[in-house]
Amino acid sequence: MTDVKMVNLTIEGRPVTVPDGTSILEAAKTAGVLVPHYCYHPGLPVAGVCRMCLVEVEKFPKLAPACATTVMEGQVVHVHSPKALEARKGVLEFLLINHPLDCPICDQAGECELQDYAFAEGRADSRYREPKRFNPVEDFGGDVLYVQNRCILCTRCVRFMGDVAQEPVLNVSERGDRAFIGKAEGHDLTNPWAGNVIDLCPVGALLSKDFLNKARAWELDRAATVCTGCSQGCNAVAETRDNVPVRLKPRPNDAVNQYYMCEVGRQTYREFARRDRADQPMVRAGATLQVTEWDEAISAAARAVEGRRVVVVASPNLSNESLFLLERIIGQVNGQGVFRVGRGNSIPLPGATDLALREERAANASGARLLGFAEVPAIGAAVREGDALLIVGDALAEVSEAELAAASQLVFVGTTVPALVAKHATVVLPMTNTLEEEGTFTNLRGRVQRYLQARTAPGVARPTWYVLADLLTAVGGAGQFFVPNEVFAALAATHPKFAGLDYESLGLRGLPIVEQSPSVPAAEVTA
Amino acid sequence: MGYPHPSHPRETPVLSKYFGDAGARTLDGWRQRGGYEALQKALAMDPQEIQTVVKDSGLRGRGGAGFPTGMKWSFMKPDGKVHYLCCNGDESEPGTFKDREIMRWTPHGLVEGVALGAHAIYAETAYIYIRGEFTEAITQVNRAVEDAYAAGILGANAMGSGKRVDVHVHRGAGAYICGEETALMNSLEGRRGNPRIKPPFPAVAGLFGKPTTINNVETLTTVPYIVKNGAEWYKQFGRPDNPKSIGTKLFSVCGNISRPGNYEVALGFPFKEFLYDLCGGPLPGREIKAVIPGGSSVPILTREEAENAIMDYEGMVASGTMLGSGGVIVFDDRQCMVRQIARLTRFYAHESCAQCSQCREGTAWITRIMERIRDGQGTMEDLDTLLSIADNMSGKTICVLSDSCATPVVSGLKKFRHEFEAKIAANPSKVTVPGALRASAA
């Protein structure tokens with residue numbers, strides 16, 4: 001980094017210093033000045049076609065596109081000068097002449113850059129007296145719908161499919177104002193990464209069929225989360241409407257997913273929106289499960305696991321905090337921790353560094369390994385006659401009914417009550433899913449990332465870490481935790497690899513765990 | 001010569017000397033007329049030396065922008081990189097047809113110029129990009145290149161010099177914008193013909209990302225004459241009081257004129273004499289009303305302005321227009337300027353590549369308003385809107401197509417506003433356009 005030449009310039013009166021080769025637009029960002037733009041996107045090659053980011057640079061004869069102009073020493077840039085504002089007003093007018101006034105029925109309304117900038121800098125009225133251009137809506141295949149009338153031809157989608165997904169299915173067809181985004185004959189937007197064009201589209205031209213007409217942008221509540229679709233750990237935003245998850249969108253993080261998210265990850269919100277939830281603790285009473293109080297259920301669970309060999313089956317989607325508490329429970333009783341990971345094909349995004357839908361289709365298998373859980377191909381092999389089985393996080397796959405029957409006790413901590421569980425469980429403890437609790441995951445590169453609560457839990461279901469802390473206390477361990485923060489602190493204090501990490505330093509972008517080599521001081525990692 | 005008319009004594013035929021002379025088309029015929037002597041001479045010269053000669057001659061680009069050719073070539077250094085020469089034969093500017101005649105009648109002159117130019121910029125490969133509609137020109141140039149290869153003029157050992165010069169002919173698919181240099185390169189590479197953002201300029205990263213020089217057909221065809229006869233010989237053409245515009249230039253004249261055709265005169269020629277003497281003036285009983293002197297992209301001149309103009313780069317700028325490509329379009333008193341300008345804007349709206357917002361939407365909007373006024377449905381408000389749109393379209397886009405569309409509208413409104421107003425006054429509709437009231441209230 002030291003050999004990069006730094007350039008000093010002034011943007012809107014604010015002095016900034018940026019590396020040589022930076023664009024004016026990016027330099028303005030560091031100065032805290034937003035240059036309005038459409039076609040520019042930091043993850044895509046520069047096109048310079050929307051002409052929205054025109055700024056006035058002193059000593060330049062013409063306005064300069066901020067996205068395509070690199071900084072120069074001593075430059076003085078005016079983003080909001082009358083000349084620049086006038087130019088952008090002109091661009092907005094041009095973009096709007098053929099744009100339908102259908103914001104009230106447009107999914108993008110409320111999160112539309114055309115709407116935002118038109119409101120901020122556009123004309124109050126229209127001088128366009130001619131008939132508007134009209135074209136029908138086209139289904140692009142996959143999850144994507146193309147509303148041609150709203151398209152401003154910024155070509156972000158074309159560049160994403162060409163340069164990032166490297167499956168050039170989209171193109172600009174025709175010329176002049178007849179131009180539109182065309183799709184290669186016989187191809188659909190079925191690329192597993194194609195959904196990103198919907199997020200990249202600055203207007204309502206590319207829409208998600210899945211999200212179509214589900215909510216207005218301003219009705220949504222948003223919380224930072226981490227995708228549980230695979231071990232990549234893509235940063236995401238979970239959006240809920242009236243406490244119902246409606247979609248997941250990528251949250252930029254250069255170290256993990258840049259700006260993208262795959263189709264598999266986007267669809268995980270459906271699992272979190274399930275309504276057949278376990279929402280009350282239950283204990284066995286004869287042939288049926290009987291609803292009971294939390295304290296009684298915890299005591300029953302503790303009785304079930306004490307004095308026996310306990311096989312703890314953990315879901316690889318549990319947080320580090322929950323896994324850590326399970327590790328303590330295993331230490332407290334005579335236990336063994338195992339987990340199983342579902343696998344699929346790895347589907348990389350060619351134009352992004354180290355980004356793929358990973359083989360391991362779970363968020364925290366790395367965390368489970370770090371905390372001493374053994375990966376087994378099938379859970380059943382670990383279970384012996386007379387063992388107690390503690391299944392946490394709906395980890396029922398690969399457990400046969402025979403094995404469940406073989407276990408003398410079954411404590412099930414999960415979000416639903418499958419029929420098998422209803423038949424065999426001694427105790428059922430309802431837990432929250434990822435969107436309903438706070439915690440951290442460790443991705444396949446050893447990056448610890450926080451996720452936040454996006455919705456409330458159903459019934460009296462409790463956060464997983466909270467349930468497990470209670471169970472730990474009940475089996476005689478030190479489980480006095482009141483917030484997940486404290487659980488993580490205890491984890492970091494006892495596991496050298498997590499040393500030096502805490503919620504505050506993790507922030508919302510996460511940090512890598514301490515490297516194996518002792519030469520890297522913890523301070524540097526957390527800095 | 002004033003092809004297809006007989007040469008006028010006041011012309012200075014250098015490039016056009018053999019227009020209409022079928023014998024000049026063949027390799028033998030061209031050699032008999034002194035062809036390929038300049039190339040032979042140049043291949044023995046150091047490229048630097050050729051660059052200096054061309055720089056000293058004062059030759060400027062004949063495609064429209066008038067950039068000094070020698071200076072453009074001097075950007076190409078012997079840096080060991082692969083260089084390319086592109087010859088722009090896309091000549092798609094309405095009103096311009098000079099390159100077509102060069103390619104039709106003296107294809108070997110072009111091949112010689114291209115080979116010479118390639119050598120001068122340290123390139124081994126040159127591309128001639130010819131407008132798709134120029135079927136005869138393509139046939140002639142293709143044949144000339146084939147003959148030149150067969151005669152060893154082109155190829156691994158060009159004219160026995162030991163130097164490699166390859167020339168490829170590429171036929172365009174008919175887009176106006178492919179005459180823009182960076183769009184031409186994209187088109188050559190097999191991409192959509194969209195202009196590229198500059199920088200990087202072609203001299204740094206052009207065709208296939210390599211340093212590239214791109215010259216017009218007329219420019220490259222002129223170079224052999226300069227190399228053969230020397231820079232001093234070339235300097236005799238031009239007016240003595242303007243050393244910035246040197247040489248002869250082909251002018252294509254069309255429209256309401258007695259003798260349309262190609263005329264070659266020394267720069268600095270009085271435009272009035274050119275129009276009335278060489279081209280025979282307007283048709284009998286008619287009067288010239290307006291002239292577009294340099295292809296459809298330059299401002300329109302009124303008759304008075306045209307009669308006082310001087311035909312060189314500076315002279316045309318002094319008259320408020322540009323020399324451009326030398327495509328002279330003449331309108332006489334029968335023509336409705338609103339209709340003519342609407343026709344021009346429709347052309348640009350059709351040809352916009354659709355990259356920049358201003359151009360994509362602006363050219364089409366201007367056209368719709370122009371055609372509405374033309375059809376007698378205009379309002380006075382439209383004239384202000386036209387000027388405002390034109391202003392928003394000028395100087396803000398990747399290439400100058402947007403500006404080119406705005407230019408005839410702005411200059412037309414400035415000089416022929418009365419025709420627009422007459423059209424509007426004749427508007428039979430008493431109802432103002434919906435929204436007009438709201439717009440003025442806002």
# chains A, B, ... in the order shown; residues from 1 in each chain; ligands from 1

$ interface_residues --of "chain B" --to "chain A" --cutoff "6 Å" --atoms "only C-alpha atoms" --output "MDAnalysis selection string"
chainID B and resid 349:350 352:357 360:361 392

$ write_last_selection --atoms "C-alpha atoms" --output "compact mmCIF listing (two decimals), in the first residue's frame"
# COMPACT_ATOMS: atom_id res chain seq x y z
CA ALA B 349 -32.55 10.03 -33.91
CA HIS B 350 -32.40 6.93 -36.06
CA SER B 352 -28.05 7.37 -32.12
CA CYS B 353 -26.26 4.39 -30.60
CA ALA B 354 -28.46 4.66 -27.47
CA GLN B 355 -25.63 4.84 -24.95
CA CYS B 356 -25.91 8.37 -23.55
CA SER B 357 -29.24 9.44 -22.10
CA ARG B 360 -30.90 8.55 -27.00
CA GLU B 361 -33.87 10.51 -25.70
CA ASN B 392 -28.93 19.94 -22.65

$ select_by_dssp --residues "stretch 90-254 of chain B" --states "alpha helix (DSSP H)" --output "JSON, numbers by chain"
{"B": [98, 99, 100, 101, 102, 103, 104, 105, 107, 108, 109, 110, 111, 112, 113, 114, 115, 116, 117, 118, 119, 120, 135, 136, 137, 138, 139, 140, 141, 142, 143, 144, 145, 146, 147, 148, 149, 150, 181, 182, 183, 184, 185, 186, 187, 188, 217, 218, 219, 220, 221, 222, 223, 224, 225, 226, 227, 228, 229, 231, 232, 233, 234, 235]}

$ closest_residue --among "B:Glu287, B:Leu301, B:Gly160, B:Ile398" --to "B:Pro199" --atoms "only C-alpha atoms"
B:Ile398

$ residues_around --residues "B:Thr182" --least-positions-apart "4" --cutoff "10 Å" --atoms "only C-alpha atoms" --output "list in words"
Ile177, Cys178, Asn186, Ser187, Leu188, Gly193, Asn194, Pro195, Arg196, Ile197, Lys198, Phe201, Pro202, Gly206, Leu207, Ile214 and Cys399 of chain B

$ write_last_selection --atoms "C-alpha atoms" --output "mmCIF file, in the first residue's frame"
data_model
loop_
_atom_site.group_PDB
_atom_site.id
_atom_site.type_symbol
_atom_site.label_atom_id
_atom_site.label_comp_id
_atom_site.auth_asym_id
_atom_site.auth_seq_id
_atom_site.Cartn_x
_atom_site.Cartn_y
_atom_site.Cartn_z
ATOM 1 C CA ILE B 177 -22.050 6.012 -35.756
ATOM 2 C CA CYS B 178 -19.402 3.563 -36.993
ATOM 3 C CA ASN B 186 -15.536 -1.599 -31.713
ATOM 4 C CA SER B 187 -17.210 -2.528 -34.965
ATOM 5 C CA LEU B 188 -13.930 -3.838 -36.380
ATOM 6 C CA GLY B 193 -20.561 -0.057 -32.796
ATOM 7 C CA ASN B 194 -20.693 2.094 -29.680
ATOM 8 C CA PRO B 195 -18.264 4.966 -29.211
ATOM 9 C CA ARG B 196 -15.836 4.430 -26.344
ATOM 10 C CA ILE B 197 -15.119 6.780 -23.492
ATOM 11 C CA LYS B 198 -11.976 8.809 -23.981
ATOM 12 C CA PHE B 201 -7.333 7.775 -26.606
ATOM 13 C CA PRO B 202 -6.758 5.463 -29.577
ATOM 14 C CA GLY B 206 -7.269 1.665 -29.628
ATOM 15 C CA LEU B 207 -8.050 -1.277 -31.818
ATOM 16 C CA ILE B 214 -7.091 6.361 -37.433
ATOM 17 C CA CYS B 399 -19.276 11.349 -28.820
#

$ residues_around --residues "B:Val145" --least-positions-apart "5" --cutoff "9 Å" --atoms "only C-alpha atoms" --output "VMD selection string"
chain B and resid 107 to 108 111 140 150 154 167 to 169

$ residues_around --residues "A:Ala300" --least-positions-apart "3" --cutoff "10 Å" --atoms "only C-alpha atoms" --output "PyMOL selection string"
chain A and resi 282-284+294-297+303-305+411+426-428+471+474

$ write_last_selection --atoms "N, CA and C atoms" --output "PDB file, in the first residue's frame"
ATOM      1  N   MET A 282     -42.692 -28.487  25.258  1.00  0.00           N
ATOM      2  CA  MET A 282     -43.575 -29.635  25.484  1.00  0.00           C
ATOM      3  C   MET A 282     -42.778 -30.784  26.098  1.00  0.00           C
ATOM      4  N   VAL A 283     -43.447 -31.555  26.954  1.00  0.00           N
ATOM      5  CA  VAL A 283     -42.832 -32.772  27.495  1.00  0.00           C
ATOM      6  C   VAL A 283     -43.770 -33.950  27.234  1.00  0.00           C
ATOM      7  N   ARG A 284     -43.158 -35.155  27.256  1.00  0.00           N
ATOM      8  CA  ARG A 284     -43.963 -36.319  26.934  1.00  0.00           C
ATOM      9  C   ARG A 284     -44.888 -36.684  28.082  1.00  0.00           C
ATOM     10  N   TRP A 294     -41.691 -23.264  30.591  1.00  0.00           N
ATOM     11  CA  TRP A 294     -40.277 -23.357  30.211  1.00  0.00           C
ATOM     12  C   TRP A 294     -39.446 -24.043  31.296  1.00  0.00           C
ATOM     13  N   ASP A 295     -39.663 -23.614  32.573  1.00  0.00           N
ATOM     14  CA  ASP A 295     -38.817 -24.133  33.659  1.00  0.00           C
ATOM     15  C   ASP A 295     -38.945 -25.644  33.763  1.00  0.00           C
ATOM     16  N   GLU A 296     -40.209 -26.089  33.665  1.00  0.00           N
ATOM     17  CA  GLU A 296     -40.429 -27.541  33.761  1.00  0.00           C
ATOM     18  C   GLU A 296     -39.804 -28.269  32.594  1.00  0.00           C
ATOM     19  N   ALA A 297     -39.935 -27.699  31.422  1.00  0.00           N
ATOM     20  CA  ALA A 297     -39.385 -28.342  30.231  1.00  0.00           C
ATOM     21  C   ALA A 297     -37.867 -28.433  30.319  1.00  0.00           C
ATOM     22  N   ARG A 303     -33.016 -33.720  33.127  1.00  0.00           N
ATOM     23  CA  ARG A 303     -33.143 -35.088  33.670  1.00  0.00           C
ATOM     24  C   ARG A 303     -32.893 -36.121  32.567  1.00  0.00           C
ATOM     25  N   ALA A 304     -33.349 -35.792  31.367  1.00  0.00           N
ATOM     26  CA  ALA A 304     -33.242 -36.759  30.274  1.00  0.00           C
ATOM     27  C   ALA A 304     -31.792 -37.013  29.886  1.00  0.00           C
ATOM     28  N   VAL A 305     -30.964 -35.981  29.968  1.00  0.00           N
ATOM     29  CA  VAL A 305     -29.590 -36.163  29.492  1.00  0.00           C
ATOM     30  C   VAL A 305     -28.614 -36.560  30.595  1.00  0.00           C
ATOM     31  N   VAL A 411     -34.204 -35.395  23.361  1.00  0.00           N
ATOM     32  CA  VAL A 411     -34.504 -33.977  23.627  1.00  0.00           C
ATOM     33  C   VAL A 411     -34.345 -33.251  22.295  1.00  0.00           C
ATOM     34  N   THR A 426     -38.808 -36.886  24.125  1.00  0.00           N
ATOM     35  CA  THR A 426     -39.125 -36.787  25.542  1.00  0.00           C
ATOM     36  C   THR A 426     -39.495 -35.346  25.864  1.00  0.00           C
ATOM     37  N   VAL A 427     -38.676 -34.443  25.319  1.00  0.00           N
ATOM     38  CA  VAL A 427     -38.894 -33.016  25.547  1.00  0.00           C
ATOM     39  C   VAL A 427     -38.716 -32.289  24.215  1.00  0.00           C
ATOM     40  N   VAL A 428     -39.557 -31.307  23.939  1.00  0.00           N
ATOM     41  CA  VAL A 428     -39.375 -30.433  22.770  1.00  0.00           C
ATOM     42  C   VAL A 428     -39.222 -29.007  23.263  1.00  0.00           C
ATOM     43  N   LEU A 471     -30.323 -24.781  29.738  1.00  0.00           N
ATOM     44  CA  LEU A 471     -30.089 -26.215  29.861  1.00  0.00           C
ATOM     45  C   LEU A 471     -28.728 -26.476  30.510  1.00  0.00           C
ATOM     46  N   ALA A 474     -29.032 -26.005  34.060  1.00  0.00           N
ATOM     47  CA  ALA A 474     -29.803 -27.092  34.647  1.00  0.00           C
ATOM     48  C   ALA A 474     -28.974 -28.363  34.824  1.00  0.00           C
TER      49      ALA A 474
END

$ select_by_dssp --residues "stretch 71-314 of chain A" --states "strand (DSSP E)" --output "ChimeraX atom specification"
/A:76-78,138-139,144-146,170-173,180-183,206-208,220-226,235-241,244-250,282-285,288-291,309-314

$ write_last_selection --atoms "C-alpha atoms" --output "CSV table (one decimal), in the first residue's frame"
chain,number,residue,atom,x,y,z
A,76,VAL,CA,-11.2,21.4,-7.7
A,77,VAL,CA,-14.5,19.6,-8.3
A,78,HIS,CA,-18.0,21.2,-7.9
A,138,GLU,CA,-41.1,-9.4,-21.0
A,139,ASP,CA,-40.4,-12.4,-18.9
A,144,VAL,CA,-36.6,-11.8,-13.6
A,145,LEU,CA,-39.3,-9.7,-15.2
A,146,TYR,CA,-38.3,-6.9,-17.6
A,170,LEU,CA,-28.3,-9.8,-22.1
A,171,ASN,CA,-27.5,-7.1,-24.6
A,172,VAL,CA,-28.6,-3.7,-25.8
A,173,SER,CA,-30.8,-4.3,-28.8
A,180,PHE,CA,-34.1,-1.9,-25.1
A,181,ILE,CA,-32.4,-4.7,-23.1
A,182,GLY,CA,-32.5,-7.8,-25.2
A,183,LYS,CA,-32.1,-11.4,-24.3
A,206,LEU,CA,-35.9,-5.5,-13.7
A,207,LEU,CA,-38.2,-7.0,-11.0
A,208,SER,CA,-38.2,-10.1,-9.0
A,220,LEU,CA,-40.4,-3.1,5.1
A,221,ASP,CA,-38.3,-3.5,8.2
A,222,ARG,CA,-34.7,-4.3,7.5
A,223,ALA,CA,-32.0,-6.0,9.6
A,224,ALA,CA,-28.5,-7.1,8.8
A,225,THR,CA,-28.2,-10.8,8.5
A,226,VAL,CA,-25.9,-13.5,7.1
A,235,ASN,CA,-23.8,-10.6,4.0
A,236,ALA,CA,-27.5,-9.9,3.5
A,237,VAL,CA,-30.4,-7.7,4.5
A,238,ALA,CA,-33.5,-9.5,5.7
A,239,GLU,CA,-36.6,-7.6,4.9
A,240,THR,CA,-39.8,-8.2,6.7
A,241,ARG,CA,-43.3,-6.9,6.3
A,244,VAL,CA,-43.2,-11.8,7.9
A,245,PRO,CA,-39.9,-12.2,6.0
A,246,VAL,CA,-40.4,-11.3,2.3
A,247,ARG,CA,-37.0,-11.3,0.8
A,248,LEU,CA,-33.2,-11.4,1.3
A,249,LYS,CA,-31.0,-8.9,-0.5
A,250,PRO,CA,-27.2,-8.8,-0.6
A,282,MET,CA,-43.6,-29.6,25.5
A,283,VAL,CA,-42.8,-32.8,27.5
A,284,ARG,CA,-44.0,-36.3,26.9
A,285,ALA,CA,-47.1,-37.5,28.7
A,288,THR,CA,-48.6,-37.4,23.4
A,289,LEU,CA,-46.6,-34.3,24.0
A,290,GLN,CA,-48.0,-32.0,26.6
A,291,VAL,CA,-47.5,-28.2,26.6
A,309,ARG,CA,-24.1,-41.1,27.4
A,310,VAL,CA,-25.4,-38.1,25.4
A,311,VAL,CA,-25.1,-37.8,21.6
A,312,VAL,CA,-25.5,-34.1,20.7
A,313,VAL,CA,-26.6,-33.6,17.1
A,314,ALA,CA,-26.0,-30.0,16.2
